[in-house]
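S.K.: File query.csv below, CSV, C-alpha atoms and all ligand atoms:
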chain,number,residue,atom,x,y,z
A,1,MET,CA,0.0,0.0,0.0
A,2,SER,CA,1.3,3.4,-0.8
A,3,ALA,CA,0.1,6.9,-1.0
A,4,SER,CA,0.4,6.8,-4.7
A,5,ASP,CA,-2.2,4.0,-5.1
A,6,THR,CA,-5.4,5.2,-6.6
A,7,ALA,CA,-8.9,3.9,-6.3
A,8,SER,CA,-9.6,1.9,-9.5
A,9,GLU,CA,-13.0,3.5,-10.2
A,10,SER,CA,-11.5,7.0,-10.2
A,11,ALA,CA,-8.3,8.9,-9.7
A,12,THR,CA,-8.9,9.3,-6.0
A,13,PRO,CA,-5.7,8.8,-4.2
A,14,ILE,CA,-5.6,6.0,-1.6
A,15,GLU,CA,-3.7,6.8,1.6
A,16,ASN,CA,-2.4,4.4,4.2
A,17,VAL,CA,-3.3,6.8,7.0
A,18,VAL,CA,-5.1,10.1,7.0
A,19,ILE,CA,-4.9,12.1,10.2
A,20,ILE,CA,-7.7,14.6,10.7
A,21,GLY,CA,-6.7,17.5,12.9
A,22,SER,CA,-3.5,19.4,13.7
A,23,GLY,CA,-3.2,19.8,17.4
A,24,PRO,CA,-0.7,17.9,19.6
A,25,ALA,CA,-2.5,14.7,19.0
A,26,GLY,CA,-2.5,15.0,15.2
A,27,TRP,CA,1.1,16.1,14.8
A,28,THR,CA,2.4,13.4,17.2
A,29,ALA,CA,0.4,10.8,15.3
A,30,ALA,CA,1.9,12.2,12.1
A,31,VAL,CA,5.5,12.0,13.4
A,32,TYR,CA,5.1,8.4,14.4
A,33,ALA,CA,3.2,7.4,11.3
A,34,ALA,CA,5.8,9.2,9.1
A,35,ARG,CA,8.7,7.5,10.8
A,36,ALA,CA,6.9,4.2,10.4
A,37,ARG,CA,7.1,4.9,6.6
A,38,LEU,CA,3.3,5.1,6.3
A,39,ASP,CA,3.5,8.4,4.3
A,40,PRO,CA,0.7,10.0,6.3
A,41,LEU,CA,-1.6,12.8,5.1
A,42,VAL,CA,-2.7,15.3,7.6
A,43,ILE,CA,-5.9,17.2,6.9
A,44,GLU,CA,-5.2,20.1,9.3
A,45,GLY,CA,-8.5,22.0,9.2
A,46,GLY,CA,-9.3,25.3,7.7
A,47,PRO,CA,-9.4,28.6,9.5
A,48,SER,CA,-12.8,29.6,10.9
A,49,ARG,CA,-14.1,32.0,13.5
A,50,GLU,CA,-13.8,29.4,16.2
A,51,MET,CA,-10.9,27.2,15.3
A,52,ILE,CA,-7.6,27.5,13.3
A,53,PRO,CA,-5.1,24.9,12.3
A,54,GLY,CA,-3.1,24.0,15.3
A,55,GLY,CA,-6.2,23.9,17.6
A,56,GLN,CA,-6.6,25.3,21.0
A,57,LEU,CA,-2.9,25.9,21.8
A,58,MET,CA,-2.9,28.5,19.1
A,59,PHE,CA,-4.8,30.7,21.5
A,60,THR,CA,-2.4,30.0,24.4
A,61,THR,CA,0.6,32.3,24.9
A,62,ASP,CA,2.8,30.6,27.5
A,63,ILE,CA,2.7,26.9,28.0
A,64,GLU,CA,4.6,26.1,31.1
A,65,ASN,CA,3.5,22.4,31.6
A,66,PHE,CA,4.6,20.8,28.4
A,67,PRO,CA,7.7,18.8,29.3
A,68,GLY,CA,11.0,19.8,27.8
A,69,PHE,CA,10.6,23.5,27.9
A,70,PRO,CA,12.0,24.8,31.2
A,71,GLU,CA,11.3,28.4,30.3
A,72,GLY,CA,7.8,27.6,28.9
A,73,VAL,CA,6.9,27.8,25.2
A,74,ASP,CA,4.6,29.9,23.1
A,75,GLY,CA,1.5,27.8,22.0
A,76,GLN,CA,1.8,28.9,18.3
A,77,LYS,CA,5.5,28.1,18.3
A,78,LEU,CA,5.0,24.7,19.8
A,79,MET,CA,2.4,23.8,17.2
A,80,ALA,CA,4.6,25.2,14.3
A,81,ASP,CA,7.5,23.1,15.6
A,82,MET,CA,5.4,20.0,15.9
A,83,LYS,CA,4.2,20.5,12.3
A,84,LEU,CA,7.8,21.0,11.1
A,85,GLN,CA,8.9,17.8,12.9
A,86,ALA,CA,6.1,15.8,11.2
A,87,GLU,CA,7.0,17.3,7.8
A,88,ARG,CA,10.6,16.5,8.3
A,89,PHE,CA,9.7,12.8,8.1
A,90,GLY,CA,7.6,13.3,5.0
A,91,THR,CA,4.1,14.1,6.3
A,92,ARG,CA,2.0,15.8,3.7
A,93,VAL,CA,-0.5,18.5,4.8
A,94,VAL,CA,-3.7,19.7,3.3
A,95,THR,CA,-5.4,22.8,4.8
A,96,ASP,CA,-9.0,21.8,4.6
A,97,ASP,CA,-11.9,20.4,6.7
A,98,VAL,CA,-13.2,16.9,6.5
A,99,VAL,CA,-17.0,17.2,6.2
A,100,GLU,CA,-17.8,13.5,5.7
A,101,LEU,CA,-16.3,10.2,6.7
A,102,ASP,CA,-17.8,7.3,4.8
A,103,THR,CA,-17.1,4.0,6.6
A,104,SER,CA,-19.5,2.0,4.4
A,105,VAL,CA,-16.7,1.5,1.9
A,106,ARG,CA,-13.1,0.3,2.2
A,107,PRO,CA,-10.8,2.1,1.8
A,108,PHE,CA,-12.7,4.7,3.8
A,109,ARG,CA,-13.9,7.7,1.8
A,110,LEU,CA,-13.2,11.2,3.2
A,111,VAL,CA,-14.9,14.2,1.7
A,112,THR,CA,-13.3,17.6,2.3
A,113,ARG,CA,-14.9,21.0,2.0
A,114,TYR,CA,-12.7,22.2,-0.9
A,115,SER,CA,-10.2,19.7,-2.1
A,116,GLY,CA,-12.3,16.8,-3.1
A,117,GLU,CA,-12.1,13.2,-1.8
A,118,VAL,CA,-9.5,11.0,-0.3
A,119,ARG,CA,-9.6,7.3,0.3
A,120,ALA,CA,-7.7,5.8,3.3
A,121,HIS,CA,-7.0,2.4,4.7
A,122,THR,CA,-6.9,3.9,8.2
A,123,VAL,CA,-8.0,7.2,9.7
A,124,ILE,CA,-6.9,8.9,12.9
A,125,VAL,CA,-9.4,11.4,14.2
A,126,ALA,CA,-7.7,14.1,16.1
A,127,THR,CA,-10.1,17.0,15.7
A,128,GLY,CA,-9.9,18.1,19.3
A,129,ALA,CA,-12.5,20.0,21.3
A,130,ARG,CA,-13.2,23.6,21.8
A,131,ALA,CA,-13.8,25.3,25.1
A,132,ASN,CA,-17.2,26.9,25.4
A,133,TRP,CA,-17.2,30.7,25.8
A,134,LEU,CA,-19.8,33.1,27.0
A,135,GLY,CA,-19.7,34.9,23.6
A,136,LEU,CA,-19.0,38.4,24.9
A,137,PRO,CA,-16.9,40.6,22.5
A,138,ASN,CA,-14.3,41.6,25.2
A,139,GLU,CA,-14.0,38.1,26.5
A,140,GLU,CA,-13.0,36.9,23.0
A,141,ARG,CA,-10.7,39.8,22.3
A,142,LEU,CA,-8.8,39.5,25.6
A,143,ALA,CA,-8.6,35.7,25.4
A,144,HIS,CA,-7.0,35.9,22.0
A,145,SER,CA,-4.6,38.6,23.0
A,146,GLY,CA,-3.3,37.1,26.2
A,147,GLY,CA,-5.2,39.7,28.2
A,148,GLY,CA,-6.0,37.6,31.2
A,149,VAL,CA,-9.0,35.6,29.9
A,150,SER,CA,-8.6,31.8,29.7
A,151,ALA,CA,-10.6,28.6,29.5
A,152,CYS,CA,-7.9,26.5,31.1
A,153,ALA,CA,-6.7,27.2,34.6
A,154,VAL,CA,-4.2,24.4,34.6
A,155,CYS,CA,-2.6,25.8,31.4
A,156,ASP,CA,-2.5,29.4,32.4
A,157,GLY,CA,-3.2,29.8,36.1
A,158,ALA,CA,0.4,29.8,37.2
A,159,LEU,CA,1.4,32.6,34.9
A,160,PRO,CA,3.0,35.6,36.8
A,161,ALA,CA,0.2,37.9,35.7
A,162,PHE,CA,-2.3,36.0,37.9
A,163,ARG,CA,-0.2,35.9,41.1
A,164,ASP,CA,-1.8,37.5,44.1
A,165,GLN,CA,-4.8,38.7,42.0
A,166,VAL,CA,-8.5,38.3,42.5
A,167,LEU,CA,-9.5,35.8,39.9
A,168,ALA,CA,-13.0,34.9,38.7
A,169,VAL,CA,-14.1,31.4,37.6
A,170,VAL,CA,-17.4,31.1,35.7
A,171,GLY,CA,-19.3,27.8,36.0
A,172,GLY,CA,-20.9,25.5,38.6
A,173,GLY,CA,-19.6,22.1,37.5
A,174,ASP,CA,-16.7,19.9,38.5
A,175,SER,CA,-14.4,21.9,36.3
A,176,ALA,CA,-15.3,25.2,38.0
A,177,MET,CA,-14.7,23.6,41.4
A,178,GLU,CA,-11.4,22.1,40.3
A,179,GLU,CA,-10.2,25.2,38.6
A,180,ALA,CA,-11.1,27.5,41.5
A,181,THR,CA,-9.4,25.3,44.0
A,182,TYR,CA,-6.3,25.0,41.7
A,183,LEU,CA,-6.2,28.8,41.3
A,184,THR,CA,-6.0,29.4,45.0
A,185,LYS,CA,-2.4,28.3,44.9
A,186,PHE,CA,-1.6,31.6,43.1
A,187,ALA,CA,-4.5,34.0,43.6
A,188,ARG,CA,-5.3,36.3,46.5
A,189,GLU,CA,-8.9,35.4,46.2
A,190,VAL,CA,-11.0,33.3,43.8
A,191,VAL,CA,-14.6,34.3,43.0
A,192,ILE,CA,-16.8,31.6,41.5
A,193,VAL,CA,-19.5,33.3,39.4
A,194,HIS,CA,-22.4,31.0,39.0
A,195,ARG,CA,-25.8,31.7,37.3
A,196,ARG,CA,-27.9,29.7,39.8
A,197,ASP,CA,-28.1,29.2,43.6
A,198,SER,CA,-26.7,25.6,43.6
A,199,PHE,CA,-23.8,23.8,41.9
A,200,ARG,CA,-24.1,20.9,39.6
A,201,ALA,CA,-20.6,19.7,40.6
A,202,SER,CA,-20.2,16.6,42.7
A,203,PRO,CA,-20.6,17.1,46.5
A,204,ILE,CA,-17.1,16.3,47.4
A,205,MET,CA,-15.7,18.8,44.9
A,206,VAL,CA,-18.1,21.5,46.1
A,207,GLU,CA,-17.2,20.8,49.7
A,208,ARG,CA,-13.5,21.1,48.9
A,209,ALA,CA,-14.0,24.4,47.2
A,210,LEU,CA,-16.3,25.9,49.7
A,211,GLU,CA,-14.1,25.0,52.6
A,212,ASN,CA,-11.2,26.9,51.0
A,213,PRO,CA,-10.9,30.3,52.7
A,214,LYS,CA,-9.7,31.9,49.5
A,215,ILE,CA,-12.9,31.0,47.6
A,216,ARG,CA,-16.1,32.9,47.6
A,217,VAL,CA,-19.2,32.5,45.4
A,218,ALA,CA,-21.2,35.1,43.5
A,219,TRP,CA,-24.5,33.1,43.4
A,220,ASN,CA,-27.2,33.9,40.8
A,221,SER,CA,-24.8,35.9,38.8
A,222,GLU,CA,-24.0,36.0,35.1
A,223,VAL,CA,-21.2,37.9,33.4
A,224,VAL,CA,-22.6,40.5,31.0
A,225,ASP,CA,-19.3,42.3,30.2
A,226,VAL,CA,-15.6,41.9,30.6
A,227,LEU,CA,-13.8,45.1,31.5
A,228,GLY,CA,-10.3,46.2,30.5
A,229,ASP,CA,-8.4,47.4,27.5
A,230,ASP,CA,-5.1,45.5,27.2
A,231,PHE,CA,-5.7,43.3,30.3
A,232,ILE,CA,-8.8,42.4,32.2
A,233,THR,CA,-9.6,44.7,35.1
A,234,GLY,CA,-13.1,43.6,36.1
A,235,LEU,CA,-16.5,42.1,35.3
A,236,ARG,CA,-19.9,43.5,35.0
A,237,LEU,CA,-22.3,41.0,36.6
A,238,ARG,CA,-26.1,40.8,36.4
A,239,ASP,CA,-28.1,39.2,39.2
A,240,THR,CA,-30.2,36.5,37.5
A,241,VAL,CA,-33.0,36.9,40.1
A,242,THR,CA,-33.3,40.7,40.4
A,243,GLY,CA,-31.7,41.8,37.2
A,244,GLU,CA,-29.5,44.2,39.1
A,245,GLU,CA,-26.1,44.9,37.7
A,246,SER,CA,-22.8,45.4,39.6
A,247,GLU,CA,-19.1,45.4,38.9
A,248,ILE,CA,-16.3,43.5,40.5
A,249,GLU,CA,-12.5,44.1,40.1
A,250,VAL,CA,-10.6,41.0,38.9
A,251,GLY,CA,-7.2,40.4,37.5
A,252,GLY,CA,-8.1,37.3,35.6
A,253,LEU,CA,-11.1,35.4,34.2
A,254,PHE,CA,-11.3,31.6,33.8
A,255,LEU,CA,-14.2,30.0,31.9
A,256,ALA,CA,-15.3,26.6,33.1
A,257,ILE,CA,-18.6,26.2,31.3
A,258,GLY,CA,-17.8,23.0,29.4
A,259,HIS,CA,-16.2,21.9,26.1
A,260,THR,CA,-17.6,20.8,22.8
A,261,PRO,CA,-15.8,18.1,20.9
A,262,ASN,CA,-15.3,18.7,17.2
A,263,SER,CA,-17.2,15.6,16.2
A,264,ALA,CA,-20.3,16.8,14.4
A,265,PHE,CA,-19.2,15.0,11.2
A,266,LEU,CA,-18.9,11.8,13.1
A,267,GLN,CA,-22.5,11.6,14.2
A,268,GLY,CA,-23.9,8.2,13.1
A,269,VAL,CA,-20.4,7.1,12.0
A,270,LEU,CA,-18.6,6.3,15.2
A,271,GLU,CA,-19.9,5.6,18.6
A,272,LEU,CA,-20.0,8.9,20.5
A,273,ASN,CA,-21.0,9.5,24.1
A,274,GLU,CA,-23.9,11.9,25.0
A,275,ALA,CA,-21.6,14.9,24.9
A,276,GLY,CA,-20.3,14.0,21.5
A,277,TYR,CA,-16.9,12.5,22.5
A,278,VAL,CA,-15.6,9.5,20.6
A,279,VAL,CA,-15.8,6.4,22.7
A,280,PRO,CA,-12.8,4.1,22.5
A,281,ALA,CA,-13.5,0.5,21.9
A,282,GLU,CA,-11.7,-0.5,25.0
A,283,PRO,CA,-9.7,1.3,27.8
A,284,TRP,CA,-6.1,2.3,27.0
A,285,ARG,CA,-6.7,1.9,23.3
A,286,THR,CA,-7.5,4.5,20.6
A,287,ARG,CA,-9.4,2.2,18.3
A,288,THR,CA,-13.0,3.1,17.9
A,289,SER,CA,-16.3,1.4,17.1
A,290,VAL,CA,-15.2,1.1,13.5
A,291,GLU,CA,-12.1,-1.1,12.8
A,292,GLY,CA,-9.4,0.9,11.1
A,293,ILE,CA,-10.5,4.2,12.6
A,294,PHE,CA,-8.6,5.5,15.6
A,295,ALA,CA,-9.2,8.6,17.8
A,296,ALA,CA,-6.7,10.7,19.7
A,297,GLY,CA,-6.6,13.8,21.8
A,298,ASP,CA,-9.4,15.9,23.1
A,299,VAL,CA,-12.1,14.6,20.7
A,300,MET,CA,-11.9,11.4,22.8
A,301,ASP,CA,-10.9,12.8,26.1
A,302,ASP,CA,-13.3,14.7,28.3
A,303,TYR,CA,-11.3,14.2,31.4
A,304,PHE,CA,-7.6,15.2,31.1
A,305,ARG,CA,-7.7,17.6,28.2
A,306,GLN,CA,-4.0,18.4,28.3
A,307,ALA,CA,-1.6,19.0,25.4
A,308,VAL,CA,0.7,16.4,26.7
A,309,THR,CA,-2.0,13.7,27.1
A,310,ALA,CA,-3.3,14.6,23.6
A,311,ALA,CA,0.3,14.1,22.2
A,312,GLY,CA,0.4,10.7,24.1
A,313,THR,CA,-2.8,9.4,22.6
A,314,GLY,CA,-1.6,10.6,19.2
A,315,CYS,CA,1.4,8.4,19.5
A,316,MET,CA,-0.8,5.5,20.6
A,317,ALA,CA,-3.2,6.0,17.7
A,318,ALA,CA,-0.3,5.9,15.2
A,319,LEU,CA,1.1,2.8,16.7
A,320,GLU,CA,-2.3,1.1,16.7
A,321,ALA,CA,-2.9,2.1,13.1
A,322,GLU,CA,0.5,0.8,12.0
A,323,ARG,CA,-0.1,-2.5,13.7
A,324,TRP,CA,-3.6,-2.7,12.3
A,325,LEU,CA,-2.2,-2.1,8.8
A,326,ALA,CA,0.5,-4.7,9.3
A,327,HIS,CA,-1.9,-7.3,10.6
A,328,GLY,CA,-5.0,-6.3,8.6
A,329,VAL,CA,-7.0,-6.9,11.8
A,330,ASP,CA,-7.0,-5.5,15.3
A,331,VAL,CA,-4.3,-7.0,17.5
A,332,GLU,CA,-4.5,-8.1,21.1
A,333,ALA,CA,-2.5,-6.2,23.7
A,334,HIS,CA,0.3,-8.8,23.7
A,335,ASP,CA,0.3,-9.4,20.0
A,336,ILE,CA,2.8,-6.6,19.2
A,337,PRO,CA,5.3,-6.8,16.4
A,338,ALA,CA,8.7,-7.6,17.8
A,339,GLU,CA,10.4,-4.5,16.3
A,340,PRO,CA,7.9,-1.8,15.5
A,341,VAL,CA,9.3,0.6,12.9
A,342,ALA,CA,8.2,3.7,14.8
A,343,SER,CA,10.6,3.5,17.7
A,344,GLU,CA,11.2,6.5,19.9
A,345,SER,CA,14.9,6.8,19.4
B,1,LIG,P1,-20.5,20.8,33.2
B,1,LIG,O1,-20.7,19.8,34.2
B,1,LIG,O2,-21.4,20.7,32.0
B,1,LIG,O3,-20.8,22.2,33.9
B,1,LIG,C1,-20.8,23.4,33.2
B,1,LIG,C2,-21.2,24.5,34.1
B,1,LIG,O4,-21.1,25.7,33.4
B,1,LIG,C3,-22.6,24.4,34.7
B,1,LIG,O5,-22.6,24.7,36.0
B,1,LIG,C4,-23.4,25.3,33.9
B,1,LIG,O6,-24.4,26.0,34.6
B,1,LIG,C5,-22.4,26.4,33.5
B,1,LIG,N1,-22.7,27.0,32.2
B,1,LIG,C6,-22.8,26.4,31.0
B,1,LIG,N2,-23.1,27.3,30.1
B,1,LIG,C7,-23.0,28.5,30.7
B,1,LIG,C8,-23.2,29.9,30.3
B,1,LIG,N3,-23.4,30.1,29.0
B,1,LIG,N4,-23.1,30.9,31.2
B,1,LIG,C9,-22.9,30.6,32.5
B,1,LIG,N5,-22.7,29.3,33.0
B,1,LIG,C10,-22.8,28.3,32.1
B,1,LIG,O7,-19.0,20.9,32.6
B,1,LIG,P2,-17.7,20.6,33.4
B,1,LIG,O8,-17.7,21.1,34.8
B,1,LIG,O9,-16.6,20.9,32.5
B,1,LIG,O10,-17.7,19.0,33.6
B,1,LIG,C11,-17.8,18.2,32.4
B,1,LIG,C12,-17.7,16.7,32.8
B,1,LIG,O11,-16.3,16.4,33.2
B,1,LIG,C13,-18.6,16.3,33.9
B,1,LIG,O12,-19.0,15.0,33.7
B,1,LIG,C14,-17.7,16.4,35.1
B,1,LIG,O13,-18.1,15.5,36.2
B,1,LIG,C15,-16.3,15.9,34.5
B,1,LIG,N6,-15.2,16.5,35.3
B,1,LIG,C16,-14.7,15.8,36.4
B,1,LIG,C17,-13.7,16.3,37.1
B,1,LIG,C18,-13.2,15.4,38.2
B,1,LIG,O14,-13.8,14.5,38.6
B,1,LIG,N7,-12.0,15.7,38.8
B,1,LIG,C19,-13.2,17.5,36.8
B,1,LIG,C20,-13.7,18.3,35.8
B,1,LIG,C21,-14.7,17.7,35.0
B,1,LIG,P3,-25.8,25.2,35.1
B,1,LIG,O15,-25.3,24.4,36.2
B,1,LIG,O16,-26.7,26.3,35.5
B,1,LIG,O17,-26.2,24.4,33.9
Please render this file's structure as structure tokens.
Ligand code: NAP

M.R.:
Amino acid sequence: MSASDTASESATPIENVVIIGSGPAGWTAAVYAARARLDPLVIEGGPSREMIPGGQLMFTTDIENFPGFPEGVDGQKLMADMKLQAERFGTRVVTDDVVELDTSVRPFRLVTRYSGEVRAHTVIVATGARANWLGLPNEERLAHSGGGVSACAVCDGALPAFRDQVLAVVGGGDSAMEEATYLTKFAREVVIVHRRDSFRASPIMVERALENPKIRVAWNSEVVDVLGDDFITGLRLRDTVTGEESEIEVGGLFLAIGHTPNSAFLQGVLELNEAGYVVPAEPWRTRTSVEGIFAAGDVMDDYFRQAVTAAGTGCMAALEAERWLAHGVDVEAHDIPAEPVASES
């Protein structure tokens, strides 16, 4: 099998492996697949209002928790370097979106928005997820400019700009409790802004948060504006019961109002959970409900959601795809080729 094969009924190229997505999961899968001589094709996604090639890290300025960068690394630089590393081993890249994945035929048929069709023996879905935002103009502007608005406390909370500040967390689920508790390591005070008078988070997480002397809650409150020019200075809140508006001063805003996986095109194709995340066929594997299709990164992970875990599952998906291609069938955990081509050295 080679990338130069073509489907007999047309000139559609047949790929060994097509990787959909260009975040840490996609590029890591590409590095491994390319080094395994699978000649992978990455369909990296097209720029849109919500997403750009490279994924969520393109909106993160300093990444301090990706191993190997003692001084931290800029998100855009990290993604550009991952892409270069994948290309160095021959990965080909198309800037386009996959709008349809047809698993009723083998090789699978992928339809892109602009560049026609591709056929593939295996597919790695690494389309990621996007954090949900409130949709306020200043929130978006400051989030994209590094102005103190973030949807990931673990990624950004330790940045010097947030030290000893009053920080706001919006949401009432487990993420909000976890992020608020985490932020108390750095903040002077954390205000959880929640639109109702009770949390949906699990009792133990609520207990832990409310017992923390640095955390207070603005109940029945919704954010109607984010204040500040270059950096956030405050929030305008509206009481959801009385409608009364007020302002609070904050030095950072963290959204914890859920994520949406980029899996709309997989509805009815792969098994997805209620929230739209791809369900792996078994724990610690990336294979999905359709043999030959693997998933990696945030599109299949609603729990860890870290760049480094996404990269890890990208590696797993490429190794599984390689072994599936070699055997033509899924292999058991211990049925591993003696010398996989994609070694880490
Ligand atoms: P979630 O449970 O869906 O909670 C989202 C929260 O954001 C809700 O409180 C919701 O308010 C609020 N919200 C949604 N849209 C909003 C809007 N437009 N404006 C204001 N508030 C809004 O999401 P999550 O907390 O990210 O958790 C997702 C899943 O991951 C859950 O199953 C959770 O248990 C799990 N998780 C587990 C852990 C852990 O165990 N360590 C940590 C994090 C997440 P309402 O309550 O009013 O709807």

S.K.: Using Å and a single decimal, report how far atom CA of A:Val170 sits from atom CA of A:Asn132.

M.R.: 11.1 Å

S.K.: Please check which residues have atoms at most 6 Å from (-1.0, 22.7, 12.0) in the file's coordinates, counting all atoms listed in the file, and write them as a list in words.

M.R.: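 Protein and nucleic acid residues near the point are Ser22, Glu44, Pro53, Gly54 and Lys83 of chain A.
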
S.K.: Out of A:Arg109, A:Arg188, A:Arg196, A:Arg323, which residue has the shortest atom-to-atom distance to ligand LIG 1 (chain B) when counting only C-alpha atoms and all ligand atoms?

M.R.: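 Ranking A:Arg109, A:Arg188, A:Arg196, A:Arg323 by distance to ligand LIG 1 (chain B), first place goes to A:Arg196.
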
S.K.: Can you work out which residues are within 8 Å of ligand LIG 1 (chain B), considering all atoms listed in the file, and then hand them over as a PDB file with C-alpha atoms, in the frame of the given file?

M.R.:
ATOM      1  CA  ASN A 132     -17.200  26.900  25.400  1.00  0.00           C
ATOM      2  CA  TRP A 133     -17.200  30.700  25.800  1.00  0.00           C
ATOM      3  CA  LEU A 134     -19.800  33.100  27.000  1.00  0.00           C
ATOM      4  CA  VAL A 170     -17.400  31.100  35.700  1.00  0.00           C
ATOM      5  CA  GLY A 171     -19.300  27.800  36.000  1.00  0.00           C
ATOM      6  CA  GLY A 172     -20.900  25.500  38.600  1.00  0.00           C
ATOM      7  CA  GLY A 173     -19.600  22.100  37.500  1.00  0.00           C
ATOM      8  CA  ASP A 174     -16.700  19.900  38.500  1.00  0.00           C
ATOM      9  CA  SER A 175     -14.400  21.900  36.300  1.00  0.00           C
ATOM     10  CA  ALA A 176     -15.300  25.200  38.000  1.00  0.00           C
ATOM     11  CA  MET A 177     -14.700  23.600  41.400  1.00  0.00           C
ATOM     12  CA  GLU A 178     -11.400  22.100  40.300  1.00  0.00           C
ATOM     13  CA  HIS A 194     -22.400  31.000  39.000  1.00  0.00           C
ATOM     14  CA  ARG A 195     -25.800  31.700  37.300  1.00  0.00           C
ATOM     15  CA  ARG A 196     -27.900  29.700  39.800  1.00  0.00           C
ATOM     16  CA  SER A 198     -26.700  25.600  43.600  1.00  0.00           C
ATOM     17  CA  PHE A 199     -23.800  23.800  41.900  1.00  0.00           C
ATOM     18  CA  ARG A 200     -24.100  20.900  39.600  1.00  0.00           C
ATOM     19  CA  ALA A 201     -20.600  19.700  40.600  1.00  0.00           C
ATOM     20  CA  SER A 202     -20.200  16.600  42.700  1.00  0.00           C
ATOM     21  CA  MET A 205     -15.700  18.800  44.900  1.00  0.00           C
ATOM     22  CA  GLU A 222     -24.000  36.000  35.100  1.00  0.00           C
ATOM     23  CA  VAL A 223     -21.200  37.900  33.400  1.00  0.00           C
ATOM     24  CA  ALA A 256     -15.300  26.600  33.100  1.00  0.00           C
ATOM     25  CA  ILE A 257     -18.600  26.200  31.300  1.00  0.00           C
ATOM     26  CA  GLY A 258     -17.800  23.000  29.400  1.00  0.00           C
ATOM     27  CA  HIS A 259     -16.200  21.900  26.100  1.00  0.00           C
ATOM     28  CA  ASP A 302     -13.300  14.700  28.300  1.00  0.00           C
ATOM     29  CA  TYR A 303     -11.300  14.200  31.400  1.00  0.00           C
TER      30      TYR A 303
END

S.K.: Between atom CA of A:Arg305 and atom CA of A:Ala281, measure the distance and give it in Å to one decimal.

M.R.: 19.1 Å

S.K.: Using all atoms listed in the file, which residue out of A:Val217, A:Leu325, A:Leu235, A:Leu272 lies closest to A:Glu189?

M.R.: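 Of all the options, A:Val217 lies closest to A:Glu189.
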
S.K.: Compile the contact shell of A:Thr233 as a PyMOL selection string: residues with an atom at most 12 Å away, counting all atoms listed in the file, same-chain residues fewer than 4 positions apart removed.

M.R.: chain A and resi 138-139+142+147-149+161-162+165-168+225-229+247-253

S.K.: Please measure the separation of atom CA of A:Gly72 and atom CA of A:Ala143, giving the value in Å to one decimal.

M.R.: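 Answer for the atom CA of A:Gly72 to atom CA of A:Ala143 separation: 18.6 Å.
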
S.K.: I need the residue nearest A:Arg130 from this list: A:Tyr277, A:Phe66, A:Trp284, A:Trp27. Use all atoms listed in the file for the distance.

M.R.: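 For A:Arg130, the nearest of the given residues is A:Tyr277.
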
S.K.: Pick out the residues sitting within 10 Å of stretch 74-81 of chain A, and hand them over as a list in words; count only C-alpha atoms, and ignore anything fewer than 4 positions along from it in its own chain.

M.R.: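 The residues that qualify are Ser22, Gly23, Pro24, Trp27, Pro53, Gly54, Gly55, Gln56, Leu57, Met58, Phe59, Thr60, Thr61, Asp62, Ile63, Glu64, Phe66, Phe69, Gln85, Ala86, Glu87 and Ala307 of chain A.
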
S.K.: Those selected residues, please, written with C-alpha atoms and delivered as a PDB file, in the coordinates of the input.

M.R.:
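Written output follows (part04.pdb):
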ATOM      1  CA  SER A  22      -3.500  19.400  13.700  1.00  0.00           C
ATOM      2  CA  GLY A  23      -3.200  19.800  17.400  1.00  0.00           C
ATOM      3  CA  PRO A  24      -0.700  17.900  19.600  1.00  0.00           C
ATOM      4  CA  TRP A  27       1.100  16.100  14.800  1.00  0.00           C
ATOM      5  CA  PRO A  53      -5.100  24.900  12.300  1.00  0.00           C
ATOM      6  CA  GLY A  54      -3.100  24.000  15.300  1.00  0.00           C
ATOM      7  CA  GLY A  55      -6.200  23.900  17.600  1.00  0.00           C
ATOM      8  CA  GLN A  56      -6.600  25.300  21.000  1.00  0.00           C
ATOM      9  CA  LEU A  57      -2.900  25.900  21.800  1.00  0.00           C
ATOM     10  CA  MET A  58      -2.900  28.500  19.100  1.00  0.00           C
ATOM     11  CA  PHE A  59      -4.800  30.700  21.500  1.00  0.00           C
ATOM     12  CA  THR A  60      -2.400  30.000  24.400  1.00  0.00           C
ATOM     13  CA  THR A  61       0.600  32.300  24.900  1.00  0.00           C
ATOM     14  CA  ASP A  62       2.800  30.600  27.500  1.00  0.00           C
ATOM     15  CA  ILE A  63       2.700  26.900  28.000  1.00  0.00           C
ATOM     16  CA  GLU A  64       4.600  26.100  31.100  1.00  0.00           C
ATOM     17  CA  PHE A  66       4.600  20.800  28.400  1.00  0.00           C
ATOM     18  CA  PHE A  69      10.600  23.500  27.900  1.00  0.00           C
ATOM     19  CA  GLN A  85       8.900  17.800  12.900  1.00  0.00           C
ATOM     20  CA  ALA A  86       6.100  15.800  11.200  1.00  0.00           C
ATOM     21  CA  GLU A  87       7.000  17.300   7.800  1.00  0.00           C
ATOM     22  CA  ALA A 307      -1.600  19.000  25.400  1.00  0.00           C
TER      23      ALA A 307
END

S.K.: For A:Leu110, which of A:Thr309, A:Thr12, A:Thr184, A:Ser289 is the closest residue, counting only C-alpha atoms?

M.R.: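 Using only C-alpha atoms, the shortest distance to A:Leu110 belongs to A:Thr12.
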
S.K.: Restricting the calculation to all atoms listed in the file, which member of A:Ser150, A:His327, A:Leu84, A:Glu100 is positioned closest to A:Val269?

M.R.: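 Residue with the minimum atom-to-atom distance to A:Val269: A:Glu100.
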